[in-house]
Amino acid sequence: MPEPVTVFVAREIVTLNRSLPRCTHVAVREGRIIGHGGAEIVAEFGATLDDRFADKVILPGFVEGHGHAADGIVWRNPYVGFYPRTGPDGQQAGGFRSIAEVVAHLTAEAAKLPDPTTPLTAWGFDPIYFEGRRMTAADLDAISTERMIVIGHVSGHIMNVNSKVLAACGYSRDSNIDGLLRNEAGDLTGELLGPAVMGRAARASGDAGLMREMDADAYRTYGQIARRVGVTTSTDLSNGCTPGTVAALTTATAAADYPIRIVPAMRQREYSVPDGIARITELKRLNTEKLHFGIVKIVADGSIQGFTARLRWPGYHNGAPNGLWYVAPAEFDRIVDAYHSAGIHLHIHTNGDEAADVATEMVSRAVARHPRRDHRHTLQHCQMADEAIFRRMATAGMCVNLFANHIFYWGEQHRAITMGPSRALRLDACGTALAAGVPLAIHSDTPVTPVDPLFTMWCAVNRLTPTGRVLGEGERITAEQALHAVTLGAAYTLKLDHLVGSIDVGKYADFAVLDENPLAVAPTAIKDIAVHATVLGGRVFPK
Ligand SMILES: [Zn+2]
């Protein structure tokens, strides 16, 4: 006897399935979609009707193509961001408008720690919003010179530390190491750029802090954060894949009530090339319906607002020196070639246009040497790519996942400070990517910005900054295109489009249940639609 069939009825169902784009009923058996159509399918499948969503709109569950499950762990440390945010406990945090406000908040947080030498770690800092000078070690020394203090920037690419951390790392005026920011006199400012010096500081602080290994609880917390905004599949796009992390992932996702599917991407940086290939091959054997290993992540450069992204001419608008290569171009070529020829799926972080240009060249060369169909190597962020880069990406068979949320969060800063008024117009150029025929996803990079696919759609459709300016009118895409980018488009970049991303027979019964249809409301209202529930594999998760 096959399992019984349940039919969910809704006011409207948007399927993203060309053979039946809109319907009102969807039939589910054994966690998968077995049919869709009108009221007649209840009888046709001998089903039980579930009408709890009768006045709601059902969409395919959202796919966050670039998120970090670390969103489920960062909140264990104080948040010191410019924009107020809601933590997993529902409490609002942040909203700091100056270095002085951040220091005052951390002084209060430090007072809560058990003793004067307990390290203090905070996250979410972003000085680009502040006028004038940057934070220095002296600012943090004013909080304490006895305890180590580490402040992570919201981009994840920069840290500020106090003198005690600099000393513990052995960093001084005489250190000849890349990534140590100096003032005009040549003294260290306490700002650390890039993973090498940041990793050392995090270890030296004696508090795992921002580099803490994920545990099963952190994955559970992330699952709840993502579910509440309609996500049913999320990447964890930078995963060390240590035995501890993998055990945490398998434990959390094995629970029947775990609400999302997770697609971890293994950080290439922590492995030699042969070890990395062996590790990802071994991890794929652990795949289940809710856990999908297979992607390897390479990081090419840093962040634009932190001035560590690699830019082509004319460089940073304010004259800041060019950013950092996280992998030297020669090494980059060797790594891409080895993973590509081993048949592995690559996602490559590129922020600046020089990084996107070089990454496209590396993939193009690897594809020429070892022709392989349907590799779907994806540039992540790819924020400053121009038309010519997108055309070469299309030729090389690449996909793109653009960081649409940046338009709102940093659009004004990119216009005034980093890119200037003209280049800022092509920030996260969704319109150009689609015109060039590059398969498109859009993302939040949570916890860099909060995960919320309806907000991400709103950004790509409206391109509004906080001042109400439309940044790059011609790059706006339609609500239909944006919905595709947060469902089927994102699933395609993950090679999961045969399983999730649309409502079609055989796919997982993964739905986002909303109060309104984002294709029917005013474009500026998309972000305000309430998520009522999600369904994962036919199981309902009420909000
Ligand atoms: Zn990221």
# chains A, B, ... in the order shown; residues from 1 in each chain; ligands from 1
$ residues_near_ligand --ligand "ligand 1" --cutoff "8 Å" --atoms "only C-alpha atoms and all ligand atoms" --output "PyMOL selection string"
chain A and resi 66-68+156+237-238+349+380+445-446+448
$ residues_around --residues "stretch 6-9 of chain A" --least-positions-apart "2" --cutoff "6 Å" --atoms "only C-alpha atoms" --output "PyMOL selection string"
chain A and resi 24-28+47-51+54
$ residues_around --residues "A:Val161" --least-positions-apart "3" --cutoff "6 Å" --atoms "only C-alpha atoms" --output "number ranges by chain"
A: 137, 149-150, 190
$ write_last_selection --atoms "N, CA, C and O atoms" --output "PDB file, in the first residue's frame"
ATOM      1  N   ALA A 137      43.546  50.264  17.755  1.00  0.00           N
ATOM      2  CA  ALA A 137      43.793  49.467  18.961  1.00  0.00           C
ATOM      3  C   ALA A 137      43.590  50.324  20.212  1.00  0.00           C
ATOM      4  O   ALA A 137      43.114  49.837  21.240  1.00  0.00           O
ATOM      5  N   ILE A 149      40.687  41.678  23.019  1.00  0.00           N
ATOM      6  CA  ILE A 149      39.441  42.143  22.402  1.00  0.00           C
ATOM      7  C   ILE A 149      39.548  41.998  20.882  1.00  0.00           C
ATOM      8  O   ILE A 149      40.521  42.465  20.275  1.00  0.00           O
ATOM      9  N   VAL A 150      38.585  41.303  20.311  1.00  0.00           N
ATOM     10  CA  VAL A 150      38.558  41.050  18.862  1.00  0.00           C
ATOM     11  C   VAL A 150      37.184  41.475  18.339  1.00  0.00           C
ATOM     12  O   VAL A 150      36.159  41.004  18.822  1.00  0.00           O
ATOM     13  N   GLY A 190      45.909  48.104  14.455  1.00  0.00           N
ATOM     14  CA  GLY A 190      45.059  47.090  15.085  1.00  0.00           C
ATOM     15  C   GLY A 190      43.999  46.559  14.136  1.00  0.00           C
ATOM     16  O   GLY A 190      43.165  45.743  14.515  1.00  0.00           O
TER      17      GLY A 190
END
$ closest_atom_pairs --of "stretch 271-359 of chain A" --to "stretch 414-425 of chain A" --cutoff "7 Å" --atoms "only C-alpha atoms" --output "CSV"
residue,atom,partner,partner_atom,distance
A:Gln305,CA,A:Thr418,CA,6.7
A:Tyr316,CA,A:Thr418,CA,5.2
A:His317,CA,A:Met419,CA,5.0
A:Asn318,CA,A:Ile417,CA,5.6
$ closest_residue --among "A:Ala278, A:Ala342, A:Val540, A:Leu286" --to "A:Ala256" --atoms "only C-alpha atoms"
A:Val540
$ closest_residue --among "A:Thr232, A:Thr378, A:Gly223, A:Leu120" --to "A:Ser502" --atoms "only C-alpha atoms"
A:Thr232
$ select_by_dssp --residues "stretch 300-401 of chain A" --states "alpha helix (DSSP H)" --output "MDAnalysis selection string"
chainID A and resid 329:341 353:369 387:395
$ closest_residue --among "A:Val80, A:Val154, A:Gly194, A:Gln92" --to "A:Glu109" --atoms "only C-alpha atoms"
A:Val80
$ closest_residue --among "A:Gly468, A:Gly506, A:Gly489, A:Pro371" --to "A:Glu64" --atoms "only C-alpha atoms"
A:Gly489
